Every structure is written in C-alpha cells, then in structure tokens.
Amino acid sequence: MKGILVVAHGSRAKETEAVMETVLAMAKAKLPGCVIECAFMEFSDRTVEKGVAALVAQGVTDIKFVPYFLFMGNHLKLDIPEMIAECTEQFPGISITLGEVLGADERLADALVDRIKG
C-alpha cells in the first residue's frame with residue numbers, strides 16, 4: 001500500500017504545526033483514501049522516523065516523502081536523503097522515494113497575487 005509523508009522544516013513557534021495540520025486536512029479531503037502523515041525535521045516531536053512508523057503501522061509499504069519546501073536547499077540535498085537511508089535501514093522492506101519541492105508553480109504565484117491584492 002502507498003502512503004505519503006509530508007515533511008516540513010519545523011519551527012520553535014508551535015502554532016506552525018497547527019497550520020500544517022490544516023493544510024494536511026485540506027490535502028486529505030482532496031485525496032480520499034490516500035494515507036497521509038506529516039513530520040518535521042526540527043523543533044518537533046513529530047519526527048520523520050515517527051511519521052514513517054505511523055505509515056508502516058497503517059500497512060504502508062511504499063512511502064513517498066513530499067517536501068513542504070519552496071526550494072531545493074541543503075535539507076533536500078543532504079539531510080532528507082540521509083533520513084530516508086536511516087528509515088530504510090530501520091524499516092526493511094519499505095520503499096521510500098523523495099518527491100519534488102513546491103518550487104516555481106503557477107498556483108503558488110496565484111496565492112501570492114491573492115495576498116498582494118488582499
């Protein structure tokens with residue numbers, strides 16, 4: 001079974017986790033039946049390892065890490081691939097792949113224009 005782990009940076013400001021939960025709920029509503037969890041790289045007890053474990057506990061064997069990042073920086077080039085390798089070792093038989101960053105996307109430009117006009 002396939003599952004998604006949305007991976008965000010994390011913040012010392014705990015209200016950011018509530019925002020992520022809201023975004024996740026919106027995504028789940030648009031993807032009924034899709035198993036989606038989220039994790040944070042820093043400043044949270046909702047670690048990548050715990051996110052993978054939660055998906056595995058639901059029967060997921062094929063996990064796609066979807067980075068909730070705008071750019072392909074060092075976290076995506078170095079840290080997340082390292083985390084994937086560690087999780088693959090910890091959970092043998094589980095396939096983990098890395099998806100694309102949000103990047104330059106017309107829908108993000110539309111959201112920016114909306115904020116500018118608002």
# chains A, B, ... in the order shown; residues from 1 in each chain; ligands from 1
$ select_by_dssp --residues "stretch 49-83 of chain A" --states "helix (DSSP H, G or I)" --output "PyMOL selection string"
chain A and resi 49-57+74-83
$ write_last_selection --atoms "N, CA, C and O atoms" --output "compact mmCIF listing (two decimals), in the first residue's frame"
# COMPACT_ATOMS: atom_id res chain seq x y z
N GLU A 49 11.12 9.87 11.55
CA GLU A 49 11.07 8.47 11.96
C GLU A 49 9.68 8.09 12.48
O GLU A 49 9.13 7.04 12.13
N LYS A 50 9.10 8.96 13.31
CA LYS A 50 7.75 8.68 13.82
C LYS A 50 6.71 8.72 12.71
O LYS A 50 5.74 7.96 12.74
N GLY A 51 6.88 9.62 11.74
CA GLY A 51 5.95 9.68 10.61
C GLY A 51 6.00 8.41 9.78
O GLY A 51 4.96 7.87 9.40
N VAL A 52 7.20 7.92 9.53
CA VAL A 52 7.35 6.66 8.78
C VAL A 52 6.73 5.52 9.59
O VAL A 52 5.99 4.69 9.05
N ALA A 53 7.01 5.47 10.88
CA ALA A 53 6.46 4.41 11.73
C ALA A 53 4.93 4.45 11.71
O ALA A 53 4.29 3.39 11.67
N ALA A 54 4.34 5.64 11.72
CA ALA A 54 2.88 5.76 11.69
C ALA A 54 2.31 5.21 10.38
O ALA A 54 1.28 4.54 10.37
N LEU A 55 3.00 5.48 9.27
CA LEU A 55 2.55 4.95 7.99
C LEU A 55 2.69 3.43 7.95
O LEU A 55 1.77 2.73 7.51
N VAL A 56 3.82 2.93 8.42
CA VAL A 56 4.05 1.48 8.43
C VAL A 56 3.00 0.79 9.29
O VAL A 56 2.47 -0.27 8.93
N ALA A 57 2.64 1.41 10.41
CA ALA A 57 1.62 0.84 11.31
C ALA A 57 0.25 0.74 10.63
O ALA A 57 -0.58 -0.08 11.01
N ASN A 74 19.84 22.64 1.10
CA ASN A 74 20.64 21.58 1.73
C ASN A 74 19.82 20.54 2.46
O ASN A 74 20.21 19.37 2.50
N HIS A 75 18.71 20.93 3.05
CA HIS A 75 17.87 19.93 3.71
C HIS A 75 17.43 18.86 2.71
O HIS A 75 17.40 17.68 3.01
N LEU A 76 17.08 19.31 1.51
CA LEU A 76 16.61 18.37 0.49
C LEU A 76 17.75 17.65 -0.20
O LEU A 76 17.59 16.49 -0.60
N LYS A 77 18.88 18.29 -0.33
CA LYS A 77 20.02 17.67 -1.00
C LYS A 77 20.78 16.72 -0.07
O LYS A 77 21.30 15.71 -0.54
N LEU A 78 20.83 17.04 1.21
CA LEU A 78 21.67 16.27 2.13
C LEU A 78 20.89 15.59 3.25
O LEU A 78 20.98 14.37 3.43
N ASP A 79 20.15 16.37 4.02
CA ASP A 79 19.54 15.86 5.24
C ASP A 79 18.43 14.83 4.98
O ASP A 79 18.40 13.77 5.60
N ILE A 80 17.51 15.17 4.11
CA ILE A 80 16.38 14.25 3.88
C ILE A 80 16.84 12.94 3.23
O ILE A 80 16.40 11.88 3.67
N PRO A 81 17.74 12.96 2.24
CA PRO A 81 18.23 11.67 1.73
C PRO A 81 18.88 10.82 2.84
O PRO A 81 18.72 9.59 2.85
N GLU A 82 19.56 11.47 3.76
CA GLU A 82 20.16 10.75 4.89
C GLU A 82 19.07 10.15 5.77
O GLU A 82 19.17 9.00 6.22
N MET A 83 18.01 10.91 6.02
CA MET A 83 16.88 10.41 6.82
C MET A 83 16.20 9.24 6.12
O MET A 83 15.80 8.27 6.78
$ closest_residue --among "A:Leu98, A:Ala8, A:Val19, A:Phe43" --to "A:Phe69" --atoms "only C-alpha atoms"
A:Ala8
$ residues_around --residues "A:Val6" --least-positions-apart "3" --cutoff "10 Å" --atoms "only C-alpha atoms" --output "MDAnalysis selection string"
chainID A and resid 3 20 24 36:40 48 51 64:69 99
$ select_by_dssp --residues "stretch 1-49 of chain A" --states "strand (DSSP E)" --output "list in words"
Lys2, Gly3, Ile4, Leu5, Val6, Val7, Ala8, Val35, Ile36, Glu37, Cys38, Ala39 and Phe40 of chain A
$ closest_residue --among "A:Gly33, A:Ser95, A:Leu70, A:Glu86" --to "A:Leu108" --atoms "only C-alpha atoms"
A:Leu70
$ atom_distance --atom1 "atom CA of A:Lys28" --atom2 "atom CA of A:Ser44"
21.7 Å
$ atom_distance --atom1 "atom CA of A:Leu5" --atom2 "atom CA of A:Leu102"
14.4 Å
